[in-house]
Amino acid sequence: MPLPAGVTIRRASSSDLSLTGHWQCRYLRDGLFPRLGPRFVRHWHATFLDAPRGFAFIAEAQGPDGRVTLGFLFGSSDQLRHVDDVLRVHRTRLAVQGGLALVIRPKLFLGFLRTRGRSYLRRLLKRPVTVVAPAAPRVPVSVPRVAVITALVVHPESRGHGVGERLVKHFLSQASDAGAPLAELVTKAGPGGAGRFYERLGWAPVHAHTTKDGETAKTYRVHLSPGTPDRDRPPRQERS
């Protein structure tokens with residue numbers, strides 16, 4: 001299938017979430033959340049829309065019958081603070097939706113209790129982290145600011161045309177503008193993951209680990225600098 005003309009990147013809206021939830025559950029099933037079903041994933045994706053450090057981007061193009069969605073990316077400009085923001089605002093709703101999704105999936109529920117139950121309970125019960133420097137002693141507190149790609153999906157019919165690369169470059173540009181010095185992501189190791197794609201874009205593997213589901217995953221990292229090129233951002237207008 002030839003790529004439609006005029007590929008652009010825009011911010012996602014609530015009207016996109018039915019599609020993004022369905023696509024993630026179908027094409028990117030790594031981790032727990034996609035196995036909880038499209039309804040939960042829609043609620044999870046929605047948290048990125050109003051989070052001050054959340055990113056939600058849609059790649060689309062002009063097709064014969066209007067604009068066609070080609071892929072999406074969800075992430076953050078500062079993962080530590082983003083998670084804090086999401087838990088502060090959406091903690092109860094996500095817990096309820098996650099609980100409902102687990103109840104109707106008994107096998108997944110039992111696996112969740114065995115592998116994640118305790119850690120998720122601690123995360124839900126603990127107070128959100130307030131990242132501020134203490135009044136005393138007067139020593140600056142260094143808190144890492146790391147941008148993270150949480151989910152990147154390109155529809156199979158649109159792959160191989162640079163759509164994923166466009167989304168990643170747009171994300172890096174926005175993260176750089178937000179002050180993030182580096183970006184990270186986690187993908188499954190081996191042929192089932194996207195490591196070769198990210199390595200081609202300049203990301204470097206930094207370590208591997210075993211997931212709670214017993215699979216091997218790799219963390220990739222890229223360092224950012226101000227002014228990362230972004231072909232989808234209009235040129236800045238000079239003021240007279």
# chains A, B, ... in the order shown; residues from 1 in each chain; ligands from 1
>>> residues_around(residues="region 90-99 of chain A", least_positions_apart="4", cutoff="8 Å", atoms="only C-alpha atoms", output="number ranges by chain")
A: 36, 40, 43-44, 47, 86, 103, 124
>>> residues_around(residues="Gly164 (chain A)", least_positions_apart="3", cutoff="12 Å", atoms="only C-alpha atoms", output="ChimeraX atom specification")
/A:7-9,57-60,70-73,149,151-156,158-161,167-171,194,197-198,200-201
>>> closest_residue(among="A:Leu19, A:Leu28, A:Ala204, A:Val148", to="Arg53 (chain A)", atoms="only C-alpha atoms")
A:Val148
>>> atom_distance(atom1="CA of Val83 (chain A)", atom2="CA of Gly193 (chain A)")
24.2 Å
>>> residues_around(residues="Ala46 (chain A)", least_positions_apart="4", cutoff="8 Å", atoms="only C-alpha atoms", output="PyMOL selection string")
chain A and resi 14+17+42+50
>>> write_last_selection(atoms="N, CA, C and O atoms", output="PDB file, in the first residue's frame")
ATOM      1  N   SER A  14      -9.411  13.297  22.450  1.00  0.00           N
ATOM      2  CA  SER A  14     -10.211  12.212  23.014  1.00  0.00           C
ATOM      3  C   SER A  14     -10.878  11.377  21.924  1.00  0.00           C
ATOM      4  O   SER A  14     -11.131  10.181  22.118  1.00  0.00           O
ATOM      5  N   LEU A  17      -8.939   8.126  20.884  1.00  0.00           N
ATOM      6  CA  LEU A  17      -8.571   7.104  21.861  1.00  0.00           C
ATOM      7  C   LEU A  17      -9.183   5.740  21.599  1.00  0.00           C
ATOM      8  O   LEU A  17      -8.604   4.716  21.974  1.00  0.00           O
ATOM      9  N   ARG A  42      -7.777   2.801  26.701  1.00  0.00           N
ATOM     10  CA  ARG A  42      -8.327   4.129  26.372  1.00  0.00           C
ATOM     11  C   ARG A  42      -8.246   5.057  27.575  1.00  0.00           C
ATOM     12  O   ARG A  42      -7.872   6.239  27.436  1.00  0.00           O
ATOM     13  N   ASP A  50      -4.168  15.398  29.243  1.00  0.00           N
ATOM     14  CA  ASP A  50      -4.218  16.575  30.105  1.00  0.00           C
ATOM     15  C   ASP A  50      -3.044  16.663  31.066  1.00  0.00           C
ATOM     16  O   ASP A  50      -2.992  17.552  31.910  1.00  0.00           O
TER      17      ASP A  50
END
>>> select_by_dssp(residues="region 134-203 of chain A", states="helix (DSSP H, G or I)", output="list in words")
Pro156, Glu157, Ser158, Val163, Gly164, Glu165, Arg166, Leu167, Val168, Lys169, His170, Phe171, Leu172, Ser173, Gln174, Ala175, Ser176, Asp177, Gly195, Arg196, Phe197, Tyr198, Glu199 and Arg200 of chain A
>>> closest_residue(among="A:Ala175, A:Ala183, A:Leu32, A:Ala51", to="Arg88 (chain A)", atoms="only C-alpha atoms")
A:Ala51
>>> residues_around(residues="Arg35 (chain A)", least_positions_apart="4", cutoff="12 Å", atoms="only C-alpha atoms", output="list of chain:residue names")
A:Gly21, A:His22, A:Gln24, A:Cys25, A:Arg26, A:Tyr27, A:Leu28, A:Arg29, A:Asp30, A:Gly31, A:Arg39, A:Phe40, A:Val41, A:Gly98, A:Ala101, A:Leu102, A:Ile104, A:Arg105, A:Lys107, A:Leu108, A:Phe109, A:Gly111, A:Phe112
>>> residues_around(residues="Lys188 (chain A)", least_positions_apart="3", cutoff="10 Å", atoms="only C-alpha atoms", output="list in words")
Asp30, Gly31, Pro191, Gly192, Gly193, Ala194, Gly195, Ala208, His209, Thr210, Thr211, Glu215, Thr216, Ala217, Lys218 and Thr219 of chain A
>>> write_last_selection(atoms="N, CA, C and O atoms", output="mmCIF file, in the first residue's frame")
data_model
loop_
_atom_site.group_PDB
_atom_site.id
_atom_site.type_symbol
_atom_site.label_atom_id
_atom_site.label_comp_id
_atom_site.auth_asym_id
_atom_site.auth_seq_id
_atom_site.Cartn_x
_atom_site.Cartn_y
_atom_site.Cartn_z
ATOM 1 N N ASP A 30 3.020 -5.782 24.603
ATOM 2 C CA ASP A 30 4.025 -5.945 25.652
ATOM 3 C C ASP A 30 3.522 -5.360 26.972
ATOM 4 O O ASP A 30 2.934 -4.272 26.997
ATOM 5 N N GLY A 31 3.776 -6.046 28.058
ATOM 6 C CA GLY A 31 3.407 -5.533 29.372
ATOM 7 C C GLY A 31 1.977 -5.871 29.753
ATOM 8 O O GLY A 31 1.230 -6.545 29.036
ATOM 9 N N PRO A 191 14.006 -10.539 18.006
ATOM 10 C CA PRO A 191 13.237 -10.221 16.814
ATOM 11 C C PRO A 191 11.841 -9.687 17.100
ATOM 12 O O PRO A 191 11.253 -8.999 16.262
ATOM 13 N N GLY A 192 11.286 -9.986 18.275
ATOM 14 C CA GLY A 192 9.949 -9.494 18.597
ATOM 15 C C GLY A 192 9.912 -8.047 19.037
ATOM 16 O O GLY A 192 8.834 -7.461 19.188
ATOM 17 N N GLY A 193 11.064 -7.430 19.246
ATOM 18 C CA GLY A 193 11.130 -6.047 19.696
ATOM 19 C C GLY A 193 11.484 -5.092 18.573
ATOM 20 O O GLY A 193 11.632 -5.480 17.417
ATOM 21 N N ALA A 194 11.624 -3.823 18.955
ATOM 22 C CA ALA A 194 11.903 -2.781 17.966
ATOM 23 C C ALA A 194 13.316 -2.228 18.108
ATOM 24 O O ALA A 194 13.591 -1.105 17.684
ATOM 25 N N GLY A 195 14.229 -3.016 18.704
ATOM 26 C CA GLY A 195 15.578 -2.530 18.952
ATOM 27 C C GLY A 195 16.309 -2.083 17.700
ATOM 28 O O GLY A 195 16.949 -1.028 17.694
ATOM 29 N N ALA A 208 19.920 -4.606 29.781
ATOM 30 C CA ALA A 208 18.826 -5.550 29.590
ATOM 31 C C ALA A 208 18.319 -6.008 30.944
ATOM 32 O O ALA A 208 19.057 -5.991 31.931
ATOM 33 N N HIS A 209 17.061 -6.390 30.996
ATOM 34 C CA HIS A 209 16.502 -6.890 32.242
ATOM 35 C C HIS A 209 15.398 -7.889 31.935
ATOM 36 O O HIS A 209 14.895 -7.953 30.810
ATOM 37 N N THR A 210 15.035 -8.665 32.926
ATOM 38 C CA THR A 210 13.940 -9.623 32.795
ATOM 39 C C THR A 210 12.664 -8.982 33.323
ATOM 40 O O THR A 210 12.632 -8.472 34.440
ATOM 41 N N THR A 211 11.607 -8.988 32.516
ATOM 42 C CA THR A 211 10.344 -8.382 32.917
ATOM 43 C C THR A 211 9.622 -9.279 33.917
ATOM 44 O O THR A 211 10.000 -10.425 34.149
ATOM 45 N N GLU A 215 10.165 -12.211 30.324
ATOM 46 C CA GLU A 215 10.770 -11.935 29.031
ATOM 47 C C GLU A 215 11.962 -10.997 29.207
ATOM 48 O O GLU A 215 12.053 -10.257 30.193
ATOM 49 N N THR A 216 12.853 -11.011 28.221
ATOM 50 C CA THR A 216 14.002 -10.111 28.257
ATOM 51 C C THR A 216 13.678 -8.834 27.494
ATOM 52 O O THR A 216 13.183 -8.883 26.365
ATOM 53 N N ALA A 217 13.933 -7.706 28.127
ATOM 54 C CA ALA A 217 13.694 -6.409 27.508
ATOM 55 C C ALA A 217 14.958 -5.571 27.596
ATOM 56 O O ALA A 217 15.807 -5.796 28.464
ATOM 57 N N LYS A 218 15.078 -4.618 26.687
ATOM 58 C CA LYS A 218 16.236 -3.737 26.678
ATOM 59 C C LYS A 218 15.799 -2.286 26.820
ATOM 60 O O LYS A 218 14.773 -1.873 26.275
ATOM 61 N N THR A 219 16.590 -1.537 27.562
ATOM 62 C CA THR A 219 16.402 -0.094 27.660
ATOM 63 C C THR A 219 17.318 0.581 26.654
ATOM 64 O O THR A 219 18.504 0.264 26.577
#
